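A short write-up of the structure that comes next.
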Amino acid sequence: MDSENKLVPSYWRIVAIAALCCCALLCGLYFSKPATQNLGVVASDGSEATEEATTEEGTTEGAGLELVTDDEDPLSLWTADSAAKQALIDYVTTVTDESSPDFIPVEDRVATFDIDGTLLNETDPNYFDYTLLVHRVLEDPNYIDQASDFEKSVANKIVDQNENGTKYSELPVEHGQAVASAFKGMTVDEFYDYVHEFAKSEMPSYENMLRGESFYAPMVQVVQYLQANDFDVYMMSGTDRLIMRGVFSSELCPINVPLNHILGSDESLVGSAQGDSDGLDYTFGQDEKLVLGGDFLMKTLKENKVYIIQREIAKQPVLSFGNSSGDFAMDNYALSNPTYKSAAFQLCCDDLERENGNMSKADSMYADCEANGYIPVSMKNDWTTIYPEGVVYTGAAEAVADAA
């Protein structure tokens with residue numbers, strides 16, 4: 001009996017230790033999971049679909065609009081009978097199947113996306129970068145008195161376009177020049193901070209949405225779907241790449257992507273003590289910072305998108321997504337891939353109820369898709385929602401729609 005009694009405490013000590021180890025393991029698993037957040041989106045029938053958001057280390061982190069797909073329906077915000085949705089799913093399924101003759105190795109799965117009008121709202125009342133310049137030159141009390149006559153002239157052309165729909169063929173390049181000079185001397189991080197603050201301003205034609213939140217929820221799903229299938233996703237914009245990197249690094253952005261995957265128009269960058277010295281005659285110092293140099297270098301539209309893709313990605317894409325003729329060169333570059341099966345999708349702005357659409361542009365895009373082999377995406381008919389729950393379009397951005 002004495003020996004049996006001595007074994008009892010040892011037995012319970014073992015049980016207690018085992019229980020503590022299990023608790024520790026469960027706690028570790030719980031607290032090691034990525035942060036998640038339930039998010040609601042409203043379908044066209046008024047029902048609410050709940051999505052889950054996760055964040056990944058080393059990428060830009062989205063906030064309240066992040067949407068994550070699931071295995072059962074990776075594009076759950078697309079209508080069930082959407083031909084574009086099925087085309088994309090069929091494509092991805094085929095090229096990721098190792099037994100398929102169209103299989104694409106992971107290292108060659110490159111997808112390029114236009115940004116304005118493809119991933120986020122394009123004109124309210126104008127492009128994000130256009131409205132940013134107007135704010136800087138005509139509204140920012142810290143800069144109004146420093147703005148040059150040229151910068152004011154460009155900003156007022158934008159205002160005229162916003163209010164009256166006036167077309168200015170020179171505006172894209174002039175705007176790039178004015179942005180470069182209006183922010184000259186800022187460090188890259190200071191510029192990002194400026195963009196972050198502007199992204200928090202209200203969208204004029206929408207209720208319950210900030211500029212930095214104006215991403216198309218169904219297209220966010222497309223990006224996440226491709227990333228989940230090991231596609232390398234790049235964003236190609238006619239907007240200054242630093243502006244777009246500011247948008248994508250904002251806490252409001254729902255897409256996680258490395259900033260070096262966001263490509264766009266270029267302005268000069270110089271050392272903070274470089275002055276007027278040419279880069280070939282100057283050596284960056286260890287106590288310096290990189291600042292905006294004030295010179296506009298390139299507008300990344302049309303053929304220039306192809307040039308930037310080759311220069312900075314060095315691989316020919318297999319997928320392309322756009323919304324305007326400025327993206328056709330990028331689309332054609334993907335479709336001409338000599339090695340792999342490829343596809344190109346173009347958004348058609350045919351939704352006049354939930355978005356500031358334009359039917360003449362949409363009809364023209366449908367015709368271009370038919371002529372060039374692009375897959376059309378109807379914002380009206382292919383998507384159950386455009387923005388998350390609570391966002392209401394008030395229909396106040398018609399003037400610029402024909403000019404932009």
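Chain identifiers are assigned as A, B, and so on, following the order in which chains appear in the structure tokens; residues are numbered from 1 within each chain, and ligands are numbered from 1 in order of appearance.
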When DSSP is applied to the backbone of this structure, which of stretch 260-384 of chain A are assigned strand (DSSP E or B)? Write them out as a ChimeraX atom specification.
/A:262-271,290-298,319-322,343-348,375-378,383
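Near A:Pro376, within 7 Å and counting only C-alpha atoms, sit Ala84, Phe345, Gln346, Leu347, Cys348, Tyr366 and Cys369 of chain A; same-chain residues fewer than 4 positions away were not included.
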Within 9 Å of A:Val223 using only C-alpha atoms, minus same-chain residues under 3 positions, as a count of residues only:
9
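Residues in contact with A:Thr118 at 8 Å, where only C-alpha atoms are counted and same-chain residues fewer than 3 positions away are skipped, are listed as Phe113, Asp114, Ile115, Asn121, Glu122, Tyr216, Met219, Phe321, Gly322, Asn323 and Leu347 of chain A.
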Write out the residues from the selection above, keeping N, CA, C and O atoms, as a compact mmCIF listing (two decimals), in the first residue's frame.
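The new file selection-v6.txt reads:
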```txt
# COMPACT_ATOMS: atom_id res chain seq x y z
N PHE A 113 -1.88 44.77 -63.99
CA PHE A 113 -3.15 45.47 -63.81
C PHE A 113 -2.95 46.97 -64.01
O PHE A 113 -2.04 47.57 -63.41
N ASP A 114 -3.79 47.57 -64.82
CA ASP A 114 -3.95 49.02 -64.75
C ASP A 114 -4.59 49.34 -63.40
O ASP A 114 -5.17 48.45 -62.76
N ILE A 115 -4.47 50.57 -62.94
CA ILE A 115 -5.02 50.91 -61.62
C ILE A 115 -6.30 51.75 -61.74
O ILE A 115 -7.39 51.29 -61.41
N ASN A 121 -11.79 53.53 -58.31
CA ASN A 121 -12.57 54.58 -58.97
C ASN A 121 -11.65 55.50 -59.78
O ASN A 121 -10.62 55.95 -59.28
N GLU A 122 -12.02 55.76 -61.02
CA GLU A 122 -11.14 56.52 -61.90
C GLU A 122 -11.36 58.03 -61.86
O GLU A 122 -10.41 58.79 -61.78
N TYR A 216 -12.48 48.72 -56.25
CA TYR A 216 -13.58 47.87 -56.68
C TYR A 216 -13.45 46.52 -55.97
O TYR A 216 -12.51 45.76 -56.22
N MET A 219 -12.68 43.38 -57.99
CA MET A 219 -11.33 43.34 -58.54
C MET A 219 -10.29 43.05 -57.45
O MET A 219 -9.24 42.46 -57.73
N PHE A 321 -5.06 43.23 -67.28
CA PHE A 321 -6.36 43.79 -66.91
C PHE A 321 -6.32 45.30 -67.09
O PHE A 321 -5.43 45.97 -66.54
N GLY A 322 -7.28 45.84 -67.84
CA GLY A 322 -7.31 47.28 -68.05
C GLY A 322 -8.74 47.78 -68.18
O GLY A 322 -9.70 47.04 -67.95
N ASN A 323 -8.87 49.06 -68.60
CA ASN A 323 -10.21 49.62 -68.76
C ASN A 323 -10.29 50.67 -69.85
O ASN A 323 -11.36 51.23 -70.09
N LEU A 347 -12.37 46.20 -68.42
CA LEU A 347 -13.58 46.63 -67.73
C LEU A 347 -14.38 47.59 -68.61
O LEU A 347 -13.79 48.47 -69.26
```
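Here the question is which of A:Phe215, A:Phe328, A:Tyr130, A:Phe284 gets nearest to A:Leu301 using only C-alpha atoms, and that residue is A:Phe328.
What separates atom CA of A:Asn229 from atom CA of A:Thr96 is a distance of 7.3 Å.
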Contacts of A:Asp230 at 10 Å (only C-alpha atoms; same-chain gap of 5+ positions) as a PyMOL selection string:
chain A and resi 96+105-110+224-225
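Closest approach to A:Leu132 among A:Ser265, A:Ser201, A:Asn358, A:Thr187 is made by A:Ser201 (distances from only C-alpha atoms).
Of the listed residues A:Ser153, A:Leu77, A:Ala182, A:Ser250, the one whose atoms come nearest to A:Ala217 is A:Leu77, with distances taken using only C-alpha atoms.
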Please list as a count of residues only every residue within 9 Å of A:Glu174, counting only C-alpha atoms and excluding residues in the same chain fewer than 4 positions away.
6
Which neighbours of A:Ala155 fall inside 8 Å, counting only C-alpha atoms, when residues of the same chain fewer than 4 positions from it are skipped, and could you give them as a PyMOL selection string?
chain A and resi 130+133-134+137-138+151+159+175
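Counting only C-alpha atoms, the residue from A:Thr394, A:Gly264, A:Met359, A:Glu72 that sits nearest to A:Ser378 is A:Met359.
Closest approach to A:Phe248 among A:Tyr307, A:Tyr192, A:Phe198, A:Phe183: A:Tyr192, based on only C-alpha atoms.
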So how far away is atom CA of A:Val173 from atom CA of A:Asn156, in Å?
14.9 Å
Determine which residues of stretch 113-294 of chain A DSSP labels as helix (DSSP H, G or I) from the backbone of this structure, then write them out as JSON, numbers by chain.
{"A": [128, 129, 130, 131, 132, 133, 134, 135, 136, 137, 138, 139, 144, 145, 146, 149, 150, 151, 152, 153, 154, 155, 156, 157, 158, 159, 160, 161, 162, 163, 164, 171, 172, 173, 174, 175, 176, 177, 178, 179, 180, 181, 182, 188, 189, 190, 191, 192, 193, 194, 195, 196, 197, 198, 199, 211, 212, 213, 217, 218, 219, 220, 221, 222, 223, 224, 225, 226, 227, 228, 241, 242, 243, 244, 245, 246, 247, 248, 259, 260, 261, 279, 280, 281]}
Expected file: the selected residues, C-alpha atoms, as a PDB file, in the first residue's frame:
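This is the output file again.pdb:
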```pdb
ATOM      1  CA  PHE A 128      -6.798  60.725 -58.026  1.00  0.00           C
ATOM      2  CA  ASP A 129      -3.524  62.373 -59.106  1.00  0.00           C
ATOM      3  CA  TYR A 130      -5.354  65.249 -60.807  1.00  0.00           C
ATOM      4  CA  THR A 131      -7.383  65.998 -57.692  1.00  0.00           C
ATOM      5  CA  LEU A 132      -4.221  65.692 -55.595  1.00  0.00           C
ATOM      6  CA  LEU A 133      -2.563  68.444 -57.644  1.00  0.00           C
ATOM      7  CA  VAL A 134      -5.625  70.709 -57.357  1.00  0.00           C
ATOM      8  CA  HIS A 135      -5.535  70.257 -53.590  1.00  0.00           C
ATOM      9  CA  ARG A 136      -1.812  70.974 -53.397  1.00  0.00           C
ATOM     10  CA  VAL A 137      -1.841  74.081 -55.585  1.00  0.00           C
ATOM     11  CA  LEU A 138      -5.241  75.665 -54.926  1.00  0.00           C
ATOM     12  CA  GLU A 139      -6.276  74.426 -51.471  1.00  0.00           C
ATOM     13  CA  ILE A 144      -0.767  78.097 -52.105  1.00  0.00           C
ATOM     14  CA  ASP A 145       1.588  81.071 -51.818  1.00  0.00           C
ATOM     15  CA  GLN A 146       4.510  79.051 -53.203  1.00  0.00           C
ATOM     16  CA  ASP A 149       1.971  80.311 -62.336  1.00  0.00           C
ATOM     17  CA  PHE A 150       2.433  77.135 -64.386  1.00  0.00           C
ATOM     18  CA  GLU A 151       1.193  74.917 -61.552  1.00  0.00           C
ATOM     19  CA  LYS A 152      -1.836  77.171 -61.028  1.00  0.00           C
ATOM     20  CA  SER A 153      -2.570  77.127 -64.758  1.00  0.00           C
ATOM     21  CA  VAL A 154      -2.545  73.318 -64.841  1.00  0.00           C
ATOM     22  CA  ALA A 155      -4.669  73.064 -61.695  1.00  0.00           C
ATOM     23  CA  ASN A 156      -7.236  75.477 -63.137  1.00  0.00           C
ATOM     24  CA  LYS A 157      -7.430  73.445 -66.351  1.00  0.00           C
ATOM     25  CA  ILE A 158      -8.300  70.445 -64.199  1.00  0.00           C
ATOM     26  CA  VAL A 159     -10.973  72.445 -62.375  1.00  0.00           C
ATOM     27  CA  ASP A 160     -12.416  73.567 -65.721  1.00  0.00           C
ATOM     28  CA  GLN A 161     -12.452  69.960 -66.894  1.00  0.00           C
ATOM     29  CA  ASN A 162     -14.163  68.892 -63.681  1.00  0.00           C
ATOM     30  CA  GLU A 163     -16.864  71.529 -63.913  1.00  0.00           C
ATOM     31  CA  ASN A 164     -17.411  71.843 -67.666  1.00  0.00           C
ATOM     32  CA  LEU A 171      -3.032  68.004 -69.729  1.00  0.00           C
ATOM     33  CA  PRO A 172      -1.547  64.530 -69.077  1.00  0.00           C
ATOM     34  CA  VAL A 173       2.034  65.701 -69.612  1.00  0.00           C
ATOM     35  CA  GLU A 174       1.516  69.144 -68.088  1.00  0.00           C
ATOM     36  CA  HIS A 175      -0.005  67.541 -65.030  1.00  0.00           C
ATOM     37  CA  GLY A 176       3.061  65.299 -64.623  1.00  0.00           C
ATOM     38  CA  GLN A 177       5.320  68.343 -64.846  1.00  0.00           C
ATOM     39  CA  ALA A 178       3.229  70.273 -62.324  1.00  0.00           C
ATOM     40  CA  VAL A 179       3.179  67.389 -59.819  1.00  0.00           C
ATOM     41  CA  ALA A 180       6.952  67.044 -60.057  1.00  0.00           C
ATOM     42  CA  SER A 181       7.553  70.731 -59.371  1.00  0.00           C
ATOM     43  CA  ALA A 182       4.801  71.166 -56.744  1.00  0.00           C
ATOM     44  CA  VAL A 188       9.831  59.959 -50.543  1.00  0.00           C
ATOM     45  CA  ASP A 189       8.390  59.184 -47.100  1.00  0.00           C
ATOM     46  CA  GLU A 190       7.099  62.745 -46.702  1.00  0.00           C
ATOM     47  CA  PHE A 191       5.423  62.447 -50.085  1.00  0.00           C
ATOM     48  CA  TYR A 192       3.824  59.136 -49.105  1.00  0.00           C
ATOM     49  CA  ASP A 193       2.524  60.768 -45.915  1.00  0.00           C
ATOM     50  CA  TYR A 194       1.020  63.605 -47.964  1.00  0.00           C
ATOM     51  CA  VAL A 195      -0.753  61.106 -50.222  1.00  0.00           C
ATOM     52  CA  HIS A 196      -1.952  59.147 -47.179  1.00  0.00           C
ATOM     53  CA  GLU A 197      -3.608  62.255 -45.759  1.00  0.00           C
ATOM     54  CA  PHE A 198      -5.238  63.172 -49.059  1.00  0.00           C
ATOM     55  CA  ALA A 199      -6.521  59.598 -49.362  1.00  0.00           C
ATOM     56  CA  ARG A 211     -10.687  58.395 -51.676  1.00  0.00           C
ATOM     57  CA  GLY A 212      -8.284  55.737 -50.464  1.00  0.00           C
ATOM     58  CA  GLU A 213     -11.161  53.283 -50.006  1.00  0.00           C
ATOM     59  CA  ALA A 217     -14.326  44.965 -54.326  1.00  0.00           C
ATOM     60  CA  PRO A 218     -14.727  42.356 -57.124  1.00  0.00           C
ATOM     61  CA  MET A 219     -11.329  43.336 -58.541  1.00  0.00           C
ATOM     62  CA  VAL A 220      -9.730  43.078 -55.115  1.00  0.00           C
ATOM     63  CA  GLN A 221     -10.936  39.486 -55.190  1.00  0.00           C
ATOM     64  CA  VAL A 222      -9.307  38.955 -58.592  1.00  0.00           C
ATOM     65  CA  VAL A 223      -5.947  40.139 -57.263  1.00  0.00           C
ATOM     66  CA  GLN A 224      -6.235  37.904 -54.203  1.00  0.00           C
ATOM     67  CA  TYR A 225      -7.373  34.945 -56.318  1.00  0.00           C
ATOM     68  CA  LEU A 226      -4.328  35.268 -58.545  1.00  0.00           C
ATOM     69  CA  GLN A 227      -1.985  35.707 -55.595  1.00  0.00           C
ATOM     70  CA  ALA A 228      -3.438  32.563 -54.013  1.00  0.00           C
ATOM     71  CA  ARG A 241       4.352  55.674 -59.375  1.00  0.00           C
ATOM     72  CA  LEU A 242       5.131  57.475 -56.100  1.00  0.00           C
ATOM     73  CA  ILE A 243       1.527  58.677 -55.866  1.00  0.00           C
ATOM     74  CA  MET A 244       0.237  55.157 -56.459  1.00  0.00           C
ATOM     75  CA  ARG A 245       2.712  53.726 -53.963  1.00  0.00           C
ATOM     76  CA  GLY A 246       1.315  56.232 -51.491  1.00  0.00           C
ATOM     77  CA  VAL A 247      -2.209  54.997 -52.233  1.00  0.00           C
ATOM     78  CA  PHE A 248      -1.224  51.344 -51.879  1.00  0.00           C
ATOM     79  CA  LEU A 259       5.619  48.540 -53.372  1.00  0.00           C
ATOM     80  CA  ASN A 260       8.227  47.591 -55.972  1.00  0.00           C
ATOM     81  CA  HIS A 261       5.384  45.894 -57.878  1.00  0.00           C
ATOM     82  CA  GLY A 279      23.880  62.485 -61.399  1.00  0.00           C
ATOM     83  CA  LEU A 280      27.010  61.465 -63.295  1.00  0.00           C
ATOM     84  CA  ASP A 281      28.955  64.168 -61.487  1.00  0.00           C
TER      85      ASP A 281
END
```
